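Novice: Attaching a single structure in C-alpha coordinates format; questions to follow.
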Amino acid sequence: MAMTVEVLAALAFMFSTSILLQILACALYSNWWPMLAALMYVLVPMPCLFFGGGSTHFLTSREGGGWINAAKFLTGASAMGSLAIPAILRHAGLIETGAMFIEFTSFFILVCTVLCFHRATLDEDW
(Lines give C-alpha, C1' and ligand atoms only; values in the text may rest on other atoms or scores of the structure.)
Protein backbone atom coordinates (compact mmCIF):
# COMPACT_ATOMS: atom_id res chain seq x y z
CA MET A 1 0.00 0.00 0.00
CA ALA A 2 1.67 3.18 -1.16
CA MET A 3 0.99 6.69 0.03
CA THR A 4 -1.58 7.89 -2.49
CA VAL A 5 -3.94 10.83 -2.28
CA GLU A 6 -6.77 8.53 -1.18
CA VAL A 7 -4.67 7.04 1.62
CA LEU A 8 -3.56 10.48 2.74
CA ALA A 9 -7.16 11.73 2.74
CA ALA A 10 -8.29 8.71 4.77
CA LEU A 11 -5.49 9.27 7.30
CA ALA A 12 -6.41 12.95 7.59
CA PHE A 13 -10.07 12.01 8.14
CA MET A 14 -9.16 9.48 10.83
CA PHE A 15 -6.89 11.95 12.62
CA SER A 16 -9.55 14.69 12.44
CA THR A 17 -12.15 12.30 13.84
CA SER A 18 -9.84 11.47 16.74
CA ILE A 19 -9.29 15.13 17.58
CA LEU A 20 -13.03 15.85 17.22
CA LEU A 21 -13.84 13.10 19.71
CA GLN A 22 -11.19 14.49 22.05
CA ILE A 23 -12.89 17.88 21.98
CA LEU A 24 -16.39 16.36 22.25
CA ALA A 25 -15.38 14.45 25.37
CA CYS A 26 -14.70 17.83 26.95
CA ALA A 27 -17.51 19.90 25.46
CA LEU A 28 -20.38 17.45 25.97
CA TYR A 29 -19.75 17.21 29.68
CA SER A 30 -18.66 20.86 30.20
CA ASN A 31 -15.43 19.64 31.74
CA TRP A 32 -12.04 20.24 30.16
CA TRP A 33 -10.05 17.78 32.26
CA PRO A 34 -10.10 15.14 29.48
CA MET A 35 -8.01 17.50 27.36
CA LEU A 36 -5.12 16.49 29.61
CA ALA A 37 -4.88 13.30 27.54
CA ALA A 38 -4.20 15.44 24.45
CA LEU A 39 -0.89 16.37 26.05
CA MET A 40 0.14 12.75 25.71
CA TYR A 41 -0.83 12.80 22.02
CA VAL A 42 1.88 15.44 21.61
CA LEU A 43 4.42 13.46 23.63
CA VAL A 44 3.92 10.07 21.92
CA PRO A 45 5.78 10.90 18.67
CA MET A 46 8.64 12.77 20.37
CA PRO A 47 10.88 9.70 20.96
CA CYS A 48 10.49 8.77 17.27
CA LEU A 49 11.49 12.28 16.25
CA PHE A 50 14.45 12.58 18.61
CA PHE A 51 15.88 9.05 18.68
CA GLY A 52 14.43 7.32 15.62
CA GLY A 53 15.28 9.86 12.95
CA GLY A 54 11.62 10.78 12.40
CA SER A 55 10.69 7.27 11.30
CA THR A 56 8.51 4.64 12.96
CA HIS A 57 10.40 1.74 11.41
CA PHE A 58 12.67 1.25 14.41
CA LEU A 59 9.68 0.44 16.62
CA THR A 60 9.06 -2.88 14.88
CA SER A 61 12.70 -3.91 14.49
CA ARG A 62 14.62 -6.11 16.88
CA GLU A 63 17.74 -4.04 16.40
CA GLY A 64 18.62 -1.50 18.95
CA GLY A 65 21.09 0.15 21.16
CA GLY A 66 20.77 2.31 24.18
CA TRP A 67 18.97 5.19 22.48
CA ILE A 68 16.73 3.02 20.33
CA ASN A 69 15.61 1.02 23.34
CA ALA A 70 15.04 4.24 25.28
CA ALA A 71 12.88 5.53 22.41
CA LYS A 72 10.84 2.31 22.38
CA PHE A 73 10.33 2.54 26.14
CA LEU A 74 9.34 6.22 26.05
CA THR A 75 6.93 5.64 23.18
CA GLY A 76 5.27 2.78 25.03
CA ALA A 77 5.13 4.68 28.31
CA SER A 78 3.55 7.75 26.74
CA ALA A 79 1.06 5.57 24.82
CA MET A 80 0.03 3.86 28.06
CA GLY A 81 -0.25 7.29 29.65
CA SER A 82 -2.78 8.20 26.98
CA LEU A 83 -4.95 5.34 28.23
CA ALA A 84 -4.20 5.80 31.91
CA ILE A 85 -5.00 9.51 32.19
CA PRO A 86 -8.74 9.19 31.39
CA ALA A 87 -9.03 6.15 33.68
CA ILE A 88 -7.29 7.97 36.54
CA LEU A 89 -9.43 11.07 36.01
CA ARG A 90 -12.57 8.90 36.10
CA HIS A 91 -11.39 7.10 39.23
CA ALA A 92 -10.77 10.48 40.92
CA GLY A 93 -14.27 11.59 39.96
CA LEU A 94 -13.07 14.48 37.80
CA ILE A 95 -14.73 13.26 34.57
CA GLU A 96 -17.83 11.26 33.71
CA THR A 97 -17.79 7.67 32.48
CA GLY A 98 -19.06 8.74 29.05
CA ALA A 99 -16.17 11.17 28.65
CA MET A 100 -13.73 8.40 29.55
CA PHE A 101 -15.16 6.08 26.89
CA ILE A 102 -15.11 8.86 24.30
CA GLU A 103 -11.43 9.40 25.19
CA PHE A 104 -10.73 5.68 24.74
CA THR A 105 -12.46 5.73 21.35
CA SER A 106 -10.43 8.77 20.35
CA PHE A 107 -7.22 7.00 21.36
CA PHE A 108 -8.20 3.84 19.46
CA ILE A 109 -8.82 5.84 16.27
CA LEU A 110 -5.52 7.68 16.72
CA VAL A 111 -3.63 4.39 17.15
CA CYS A 112 -5.32 2.99 14.02
CA THR A 113 -4.27 6.13 12.16
CA VAL A 114 -0.65 5.73 13.24
CA LEU A 115 -0.63 2.03 12.32
CA CYS A 116 -2.12 2.77 8.89
CA PHE A 117 0.47 5.50 8.35
CA HIS A 118 3.26 3.11 9.37
CA ARG A 119 1.93 0.46 6.96
CA ALA A 120 1.59 2.98 4.13
CA THR A 121 5.15 4.22 4.52
CA LEU A 122 6.84 0.81 4.84
CA ASP A 123 7.51 0.60 1.12
CA GLU A 124 8.77 4.16 0.69
CA ASP A 125 12.31 5.31 1.27
CA TRP A 126 12.44 8.82 2.62
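In the C-alpha coordinates, the first chain shown is A, the next is B, and so on; residue numbers restart at 1 for each chain, and ligands run from 1 in the order shown.
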If you count only C-alpha atoms, which residues fall within 7 Å of Met100 (chain A), apart from same-chain ones fewer than 5 positions away, as a PyMOL selection string?
Specialist: chain A and resi 86-87+90
Novice: Would you list, as a ChimeraX atom specification, the residues of chain A that end up in alpha helix (DSSP H) under DSSP run on this structure's backbone?
Specialist: /A:5-27,36-43,46-51,66-91,97-120
Novice: So that I can check the surroundings of Ile102 (chain A), please list as a list in words every protein, DNA and RNA residue that reaches within 7 Å of it, counting only C-alpha atoms and ignoring chain neighbours fewer than 3 positions away.
Specialist: Leu21, Ala25, Gly98, Ala99, Thr105 and Ser106 of chain A
Novice: With distances taken over only C-alpha atoms, which residue among A:Gln22, A:Ala12, A:Asn31, A:Val42 lies nearest Ile95 (chain A)?
Specialist: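 Selected residue with least distance to Ile95 (chain A): A:Asn31.
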